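Asks: Data: run_18.tsv, TSV, C-alpha atoms and all ligand atoms.
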chain	number	residue	atom	x	y	z
A	1	MET	CA	-10.33	-81.73	-21.73
A	2	ARG	CA	-11.00	-79.13	-19.06
A	3	THR	CA	-14.66	-78.14	-18.63
A	4	ARG	CA	-14.85	-74.34	-18.50
A	5	PHE	CA	-16.04	-72.91	-15.20
A	6	VAL	CA	-17.60	-69.50	-14.58
A	7	ALA	CA	-18.12	-68.23	-11.02
A	8	GLY	CA	-19.81	-64.98	-9.97
A	9	ASN	CA	-18.21	-63.11	-7.08
A	10	TRP	CA	-20.95	-60.88	-5.70
A	11	LYS	CA	-18.58	-59.38	-3.12
A	12	MET	CA	-20.32	-57.29	-0.40
A	13	ASN	CA	-23.40	-56.45	-2.46
A	14	LYS	CA	-27.17	-57.02	-2.27
A	15	THR	CA	-29.69	-57.64	0.49
A	16	GLY	CA	-31.04	-61.11	1.21
A	17	GLU	CA	-34.18	-60.40	-0.79
A	18	GLU	CA	-32.14	-59.03	-3.70
A	19	THR	CA	-29.97	-62.17	-3.77
A	20	ARG	CA	-33.07	-64.35	-4.00
A	21	VAL	CA	-34.50	-62.18	-6.79
A	22	LEU	CA	-31.22	-62.34	-8.72
A	23	VAL	CA	-31.04	-66.13	-8.39
A	24	ALA	CA	-34.66	-66.47	-9.49
A	25	GLU	CA	-33.90	-64.33	-12.56
A	26	MET	CA	-30.85	-66.37	-13.51
A	27	LEU	CA	-31.81	-69.88	-12.57
A	28	PRO	CA	-34.00	-71.12	-15.44
A	29	GLU	CA	-31.51	-70.13	-18.14
A	30	LEU	CA	-28.38	-70.94	-16.16
A	31	SER	CA	-29.47	-74.41	-15.20
A	32	ALA	CA	-30.35	-75.16	-18.83
A	33	ILE	CA	-26.80	-74.40	-20.03
A	34	LYS	CA	-24.84	-77.61	-20.52
A	35	GLY	CA	-21.13	-77.82	-21.26
A	36	ALA	CA	-19.83	-75.39	-18.65
A	37	ASP	CA	-19.73	-75.42	-14.86
A	38	LYS	CA	-21.18	-72.40	-13.12
A	39	ALA	CA	-21.52	-71.07	-9.57
A	40	VAL	CA	-22.48	-67.95	-7.64
A	41	CYS	CA	-20.67	-66.67	-4.55
A	42	PRO	CA	-22.97	-64.44	-2.48
A	43	PRO	CA	-22.19	-62.79	0.87
A	44	ALA	CA	-21.98	-65.37	3.69
A	45	PRO	CA	-25.30	-64.57	5.44
A	46	TYR	CA	-27.22	-65.66	2.35
A	47	LEU	CA	-25.50	-69.00	1.73
A	48	MET	CA	-28.13	-71.07	3.51
A	49	SER	CA	-31.15	-69.62	1.73
A	50	LEU	CA	-29.45	-69.73	-1.66
A	51	ALA	CA	-28.30	-73.32	-1.09
A	52	ASN	CA	-31.98	-74.23	-0.82
A	53	LEU	CA	-32.90	-72.31	-3.98
A	54	LEU	CA	-30.02	-73.81	-5.98
A	55	ALA	CA	-30.39	-77.42	-4.81
A	56	GLY	CA	-30.49	-79.79	-7.78
A	57	SER	CA	-30.21	-76.94	-10.32
A	58	GLY	CA	-26.67	-77.66	-11.53
A	59	VAL	CA	-25.63	-74.16	-10.41
A	60	GLY	CA	-23.00	-74.35	-7.67
A	61	LEU	CA	-22.61	-72.19	-4.61
A	62	GLY	CA	-19.41	-70.69	-3.24
A	63	ALA	CA	-18.29	-68.61	-0.28
A	64	GLN	CA	-15.95	-65.66	-0.72
A	65	ASN	CA	-13.59	-66.50	2.13
A	66	MET	CA	-13.17	-68.71	5.20
A	67	HIS	CA	-10.73	-69.30	8.06
A	68	TRP	CA	-8.36	-72.25	8.09
A	69	GLU	CA	-8.98	-73.36	11.66
A	70	ALA	CA	-11.69	-75.95	12.32
A	71	SER	CA	-13.27	-74.13	15.28
A	72	GLY	CA	-12.45	-71.96	18.26
A	73	ALA	CA	-11.98	-68.40	19.43
A	74	PHE	CA	-11.89	-66.60	16.08
A	75	THR	CA	-14.63	-64.01	16.44
A	76	GLY	CA	-16.22	-63.07	13.15
A	77	GLU	CA	-14.65	-65.90	11.16
A	78	ILE	CA	-16.29	-68.82	9.35
A	79	ALA	CA	-14.86	-72.35	9.60
A	80	PRO	CA	-14.31	-74.67	6.62
A	81	LYS	CA	-17.00	-77.13	7.76
A	82	MET	CA	-19.52	-74.29	8.09
A	83	VAL	CA	-18.90	-73.35	4.47
A	84	ALA	CA	-18.98	-76.97	3.34
A	85	GLU	CA	-22.45	-77.40	4.86
A	86	PHE	CA	-23.86	-75.20	2.09
A	87	CYS	CA	-21.22	-74.77	-0.61
A	88	GLN	CA	-19.14	-76.67	-3.13
A	89	TYR	CA	-16.64	-73.83	-3.72
A	90	VAL	CA	-14.75	-71.18	-1.78
A	91	ILE	CA	-12.86	-68.20	-3.21
A	92	LEU	CA	-9.51	-67.86	-1.43
A	93	GLY	CA	-6.81	-65.21	-1.59
A	94	HIS	CA	-8.82	-62.66	-3.57
A	95	SER	CA	-6.71	-59.54	-4.15
A	96	GLU	CA	-9.14	-57.51	-2.01
A	97	ARG	CA	-8.47	-59.87	0.91
A	98	ARG	CA	-4.74	-59.64	0.28
A	99	ALA	CA	-4.82	-55.82	0.03
A	100	TYR	CA	-7.33	-54.90	2.77
A	101	PHE	CA	-7.11	-57.81	5.20
A	102	GLY	CA	-3.42	-58.68	5.06
A	103	GLU	CA	-3.74	-62.16	3.59
A	104	THR	CA	-0.38	-63.65	2.75
A	105	ASP	CA	0.56	-66.62	0.59
A	106	GLU	CA	1.10	-68.61	3.80
A	107	MET	CA	-2.44	-67.86	5.00
A	108	VAL	CA	-3.87	-68.68	1.58
A	109	ASN	CA	-1.95	-71.96	1.64
A	110	LYS	CA	-3.48	-72.92	5.01
A	111	LYS	CA	-6.94	-72.05	3.69
A	112	VAL	CA	-6.47	-74.08	0.50
A	113	LYS	CA	-5.46	-77.14	2.52
A	114	ALA	CA	-8.34	-76.66	4.98
A	115	ALA	CA	-10.83	-76.31	2.12
A	116	LEU	CA	-9.65	-79.51	0.45
A	117	ALA	CA	-9.82	-81.35	3.78
A	118	VAL	CA	-13.57	-80.71	4.01
A	119	GLY	CA	-14.26	-81.45	0.34
A	120	LEU	CA	-14.56	-77.87	-0.91
A	121	THR	CA	-13.10	-76.79	-4.25
A	122	PRO	CA	-10.87	-73.77	-3.64
A	123	ILE	CA	-10.83	-71.03	-6.27
A	124	MET	CA	-7.42	-69.57	-5.47
A	125	CYS	CA	-6.83	-66.06	-6.80
A	126	VAL	CA	-3.47	-64.75	-7.93
A	127	GLY	CA	-2.54	-61.57	-9.79
A	128	GLU	CA	-0.17	-58.64	-9.94
A	129	THR	CA	-0.90	-55.00	-9.11
A	130	LEU	CA	-0.53	-52.21	-11.66
A	131	ASP	CA	2.82	-51.14	-10.15
A	132	GLU	CA	4.12	-54.71	-10.30
A	133	ASN	CA	2.90	-55.05	-13.86
A	134	GLU	CA	4.57	-51.83	-14.95
A	135	ALA	CA	7.78	-52.86	-13.20
A	136	GLY	CA	7.87	-56.07	-15.26
A	137	GLN	CA	7.23	-58.25	-12.19
A	138	THR	CA	4.09	-60.06	-13.38
A	139	ALA	CA	5.71	-63.47	-13.82
A	140	ALA	CA	7.61	-63.29	-10.53
A	141	VAL	CA	4.55	-62.23	-8.51
A	142	VAL	CA	2.08	-64.64	-10.08
A	143	SER	CA	4.49	-67.56	-9.87
A	144	ARG	CA	5.28	-66.77	-6.21
A	145	GLN	CA	1.58	-66.57	-5.33
A	146	THR	CA	0.76	-69.77	-7.22
A	147	LYS	CA	3.60	-71.78	-5.71
A	148	GLY	CA	3.15	-70.28	-2.23
A	149	GLY	CA	-0.58	-70.85	-2.15
A	150	LEU	CA	-0.32	-74.45	-3.32
A	151	ALA	CA	2.84	-75.53	-1.49
A	152	GLY	CA	2.67	-78.99	0.04
A	153	LEU	CA	-0.27	-80.29	-1.99
A	154	THR	CA	-0.02	-83.65	-3.74
A	155	PRO	CA	-0.79	-83.82	-7.48
A	156	GLU	CA	-3.99	-85.72	-6.57
A	157	GLU	CA	-5.10	-82.79	-4.39
A	158	ALA	CA	-3.92	-80.17	-6.85
A	159	VAL	CA	-6.17	-81.39	-9.67
A	160	LYS	CA	-9.19	-80.56	-7.49
A	161	ILE	CA	-8.39	-76.87	-7.23
A	162	VAL	CA	-9.17	-73.95	-9.54
A	163	VAL	CA	-6.75	-71.04	-9.98
A	164	ALA	CA	-8.10	-67.62	-10.96
A	165	TYR	CA	-5.61	-65.26	-12.57
A	166	GLU	CA	-6.91	-61.80	-11.73
A	167	PRO	CA	-4.59	-58.91	-12.56
A	168	VAL	CA	-5.45	-56.32	-9.91
A	169	TRP	CA	-5.35	-53.51	-12.47
A	170	ALA	CA	-8.17	-55.19	-14.39
A	171	ILE	CA	-10.54	-55.74	-11.45
A	172	GLY	CA	-13.53	-53.41	-11.46
A	173	THR	CA	-11.79	-51.01	-13.85
A	174	GLY	CA	-13.50	-51.87	-17.12
A	175	ARG	CA	-10.00	-52.49	-18.47
A	176	ALA	CA	-9.74	-56.25	-18.98
A	177	ALA	CA	-6.48	-57.88	-19.97
A	178	THR	CA	-6.45	-58.67	-23.65
A	179	SER	CA	-7.09	-62.31	-24.43
A	180	GLN	CA	-3.46	-62.64	-25.53
A	181	GLN	CA	-2.11	-61.04	-22.33
A	182	ALA	CA	-4.22	-63.38	-20.21
A	183	GLN	CA	-3.32	-66.43	-22.30
A	184	ASP	CA	0.40	-65.66	-21.93
A	185	VAL	CA	0.19	-65.50	-18.12
A	186	HIS	CA	-2.08	-68.55	-17.91
A	187	ALA	CA	0.22	-70.70	-20.05
A	188	ASN	CA	3.69	-69.35	-19.30
A	189	VAL	CA	3.35	-68.45	-15.64
A	190	VAL	CA	0.41	-70.17	-13.92
A	191	ARG	CA	0.36	-73.49	-15.78
A	192	LYS	CA	4.16	-73.56	-15.83
A	193	SER	CA	4.23	-73.05	-12.04
A	194	LEU	CA	1.66	-75.83	-11.67
A	195	ALA	CA	3.82	-78.12	-13.82
A	196	ASP	CA	6.89	-77.29	-11.71
A	197	LEU	CA	4.95	-78.21	-8.57
A	198	PHE	CA	2.84	-81.15	-9.67
A	199	GLY	CA	4.09	-82.38	-13.05
A	200	LYS	CA	2.76	-81.82	-16.54
A	201	ASP	CA	-0.26	-84.13	-16.38
A	202	ALA	CA	-1.68	-82.56	-13.23
A	203	ALA	CA	-0.96	-79.06	-14.55
A	204	GLU	CA	-2.89	-79.83	-17.73
A	205	ALA	CA	-5.90	-80.96	-15.68
A	206	ILE	CA	-6.16	-77.86	-13.47
A	207	ARG	CA	-8.59	-75.16	-14.54
A	208	ILE	CA	-7.31	-71.60	-14.72
A	209	GLN	CA	-9.99	-68.90	-14.76
A	210	TYR	CA	-9.36	-65.35	-15.86
A	211	GLY	CA	-10.86	-62.51	-13.78
A	212	GLY	CA	-10.89	-58.75	-14.26
A	213	SER	CA	-13.63	-56.81	-16.06
A	214	VAL	CA	-15.02	-59.87	-17.86
A	215	ASN	CA	-18.33	-58.95	-19.49
A	216	ALA	CA	-20.85	-60.25	-21.99
A	217	LYS	CA	-18.87	-58.68	-24.86
A	218	ASN	CA	-15.31	-59.85	-24.16
A	219	ALA	CA	-16.04	-63.30	-22.69
A	220	ALA	CA	-16.13	-65.31	-25.92
A	221	GLU	CA	-12.78	-63.98	-27.10
A	222	LEU	CA	-11.16	-64.74	-23.74
A	223	PHE	CA	-12.62	-68.26	-23.72
A	224	GLY	CA	-11.28	-68.80	-27.24
A	225	MET	CA	-7.77	-68.98	-25.77
A	226	PRO	CA	-6.45	-72.48	-25.07
A	227	ASP	CA	-5.42	-71.89	-21.45
A	228	ILE	CA	-8.38	-69.72	-20.34
A	229	ASP	CA	-10.71	-72.23	-18.72
A	230	GLY	CA	-13.47	-69.90	-17.59
A	231	ALA	CA	-13.83	-66.75	-15.55
A	232	LEU	CA	-14.24	-65.33	-12.09
A	233	VAL	CA	-16.68	-62.48	-12.67
A	234	GLY	CA	-17.34	-59.56	-10.33
A	235	GLY	CA	-19.51	-56.66	-11.53
A	236	ALA	CA	-21.10	-58.45	-14.48
A	237	SER	CA	-22.22	-61.33	-12.24
A	238	LEU	CA	-24.64	-58.98	-10.48
A	239	LYS	CA	-26.75	-58.63	-13.65
A	240	ALA	CA	-28.66	-61.74	-14.70
A	241	PRO	CA	-28.52	-61.23	-18.50
A	242	ASP	CA	-24.78	-60.47	-18.43
A	243	PHE	CA	-23.87	-63.45	-16.25
A	244	ILE	CA	-26.04	-65.77	-18.35
A	245	ALA	CA	-24.34	-64.51	-21.52
A	246	ILE	CA	-20.88	-65.14	-20.03
A	247	VAL	CA	-21.80	-68.69	-19.00
A	248	LYS	CA	-23.25	-69.30	-22.47
A	249	ALA	CA	-19.99	-68.10	-24.01
A	250	ALA	CA	-18.09	-70.55	-21.79
A	251	ALA	CA	-20.35	-73.41	-22.90
A	252	GLY	CA	-19.35	-72.54	-26.49
A	301	LIG	C1	-13.28	-59.91	-9.05
A	301	LIG	O1	-13.20	-59.10	-8.15
A	301	LIG	O2	-13.10	-61.13	-8.81
A	301	LIG	C2	-13.54	-59.43	-10.41
A	301	LIG	C3	-13.10	-60.13	-11.39
A	301	LIG	O3	-14.23	-58.24	-10.52
A	301	LIG	P1	-14.73	-57.53	-11.90
A	301	LIG	O4	-15.27	-58.60	-12.80
A	301	LIG	O5	-15.77	-56.55	-11.45
A	301	LIG	O6	-13.52	-56.88	-12.49
Let me see whether you can do it: turn the structure in this file into structure tokens.
Replies:
Amino acid sequence: MRTRFVAGNWKMNKTGEETRVLVAEMLPELSAIKGADKAVCPPAPYLMSLANLLAGSGVGLGAQNMHWEASGAFTGEIAPKMVAEFCQYVILGHSERRAYFGETDEMVNKKVKAALAVGLTPIMCVGETLDENEAGQTAAVVSRQTKGGLAGLTPEEAVKIVVAYEPVWAIGTGRAATSQQAQDVHANVVRKSLADLFGKDAAEAIRIQYGGSVNAKNAAELFGMPDIDGALVGGASLKAPDFIAIVKAAAG
């Protein structure tokens, strides 16, 4: 059985003080929820202070990106070991990084391997744009991203990762995929690609989150689907009651 996992992607939002207030608002209820894994992913400057606040709470911490190199002349970048000092998770290959910062499947693949090498759990994002969706290319794009991002991993490594299927047309639009649409891609494209790469047993063990306009109202229906193993949540993760409700829905 896969334990559902909900992660909040705060993107480039909130001041340091606001992040601490938000964590303080969420923490008592979140840490009391058993039966689902949960994490928050704040902007990088706040990882250290939030790591202290979250220590021992059962609420994980994730970064939103990192470089694949261990150290060196990469001005403005953050190395895997720097993230691993504070975090358990790292979001990699988010569609905003692919669209605005030129991240390719090859770069995502290097990052996934670098994250695993320092003991981080990568949350690797895949998903088609609206144009690709309307052109009937969803399966081809999502399978290419899944296989490209995870190329060269062993099944033993692969079971440690999390994949987030995030259709770009659903992110921040208020227009979530229906639970059936998401289930179809999770089962027939993502999990099938994982089985092609790593075999059926490993594929069955890997958690596949859905992301894209998940909120307190639609979460339970999404989580009712057999291959939707949690969510990567953007906007709704910035409001304590909404994020708590989504994690509660995941706990069932
Ligand atoms: C995201 O960007 O990862 C995301 C899912 O955003 P939202 O929930 O706001 O659609």
Asks: Using all atoms listed in the file, determine which residues lie at most 9 Å from Ala158 of chain A, disregarding the query and same-chain residues fewer than 5 positions distant; provide the list as an MDAnalysis selection string.
Replies: chainID A and resid 150 153 194 198 202:203 206
Asks: Near segment 99-112 of chain A, within 8 Å and counting only C-alpha atoms, which residues show up once chain neighbours fewer than 3 positions away are dropped, as a ChimeraX atom specification?
Replies: /A:66-68,92-93,95-96,115-116,122,124,145,148-151
Asks: With all atoms listed in the file counted, which protein, DNA or RNA residues have an atom no more than 12 Å from (-9.3, -69.1, -29.3) in the file frame? Please answer as a list in words.
Replies: Ser179, Gln180, Ala182, Gln183, Ala219, Ala220, Glu221, Leu222, Phe223, Gly224, Met225, Pro226, Asp227, Ile228, Asp229, Ala249, Ala250 and Gly252 of chain A
Asks: Find the distance between atom CA of His186 of chain A and atom CA of Val126 of chain A and write it in Å to one decimal.
Replies: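 Taking atom CA of His186 of chain A as the start and atom CA of Val126 of chain A as the end point, the length is 10.8 Å.
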Asks: Which residues are close to Ser193 of chain A, i.e. within 8 Å by all atoms listed in the file, leaving aside same-chain residues fewer than 3 positions away? Reply as a PyMOL selection string.
Replies: chain A and resi 143+146-147+189-190+196-197
Asks: In Å, with one decimal, what is the gap from atom CA of Met12 of chain A to atom CA of Arg144 of chain A?
Replies: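 For atom CA of Met12 of chain A relative to atom CA of Arg144 of chain A, the distance reads 27.9 Å.
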Asks: Would you please work out which residue, of A:Asn9, A:Gln137, A:Ser71, A:Gln64, is nearest to ligand LIG 301 (chain A) when using all atoms listed in the file?
Replies: A:Asn9
Asks: Which residues are near ligand LIG 301 (chain A) in this structure, taking near to mean any atom at most 6 Å from a ligand atom and counting only C-alpha atoms and all ligand atoms? Format them as a list in words.
Replies: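 The neighbouring residues of ligand LIG 301 (chain A) are, in order, Asn9, Ala170, Ile171, Gly172, Gly211, Gly212, Ser213, Val214, Leu232, Val233, Gly234 and Gly235 of chain A.
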Asks: Taking only C-alpha atoms into account, which of A:Lys81, A:Arg207, A:Lys192, A:Lys239 comes nearest Ala117 of chain A?
Replies: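 Checking each candidate against Ala117 of chain A, we get A:Lys81 as the closest.
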Asks: Please give the centre and size of the box around segment 171-187 of chain A (axis-aligned, containing every atom listed in the file, 3 Å added per side), with values in Å to one decimal and written as AutoDock Vina command-line options.
Replies:
--center_x -6.6 --center_y -60.9 --center_z -18.5 --size_x 19.9 --size_y 25.7 --size_z 20.1
Asks: Provide the atom CA of Ile161 of chain A to atom CA of Ala245 of chain A distance in Å, to one decimal place.
Replies: 24.7 Å
Asks: Would you please work out which residue, of A:Ala164, A:Ser49, A:Gly58, A:Arg2, is nearest to Ala32 of chain A when using all atoms listed in the file?
Replies: A:Gly58
Asks: Between A:Val168, A:Ala231, A:Val23, A:Ala73, which is the closest to Pro42 of chain A once you count all atoms listed in the file?
Replies: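 Of the candidates, the smallest distance to Pro42 of chain A is held by A:Val23.
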Asks: Within 8 Å of Ala36 of chain A, counting only C-alpha atoms, which residues show up once you throw out same-chain ones fewer than 6 positions away? Write them as a list in words, please.
Replies: Thr3, Arg4, Phe5, Val6, Val247, Lys248, Ala250 and Ala251 of chain A
Asks: Find the spatial neighbours of Glu85 of chain A, counting only C-alpha atoms, within a cut-off of 10 Å - ignore same-chain residues fewer than 4 positions away - and output them as a list in words.
Replies: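 The residues that qualify are Leu47, Met48, Ala51, Pro80, Lys81, Val118 and Leu120 of chain A.
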Asks: Kindly indicate which residue among A:Trp169, A:Val163, A:Gly152, A:Gln181 lies nearest to Asp131 of chain A, using all atoms listed in the file for the distances.
Replies: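 For Asp131 of chain A, the nearest of the candidates is A:Trp169.
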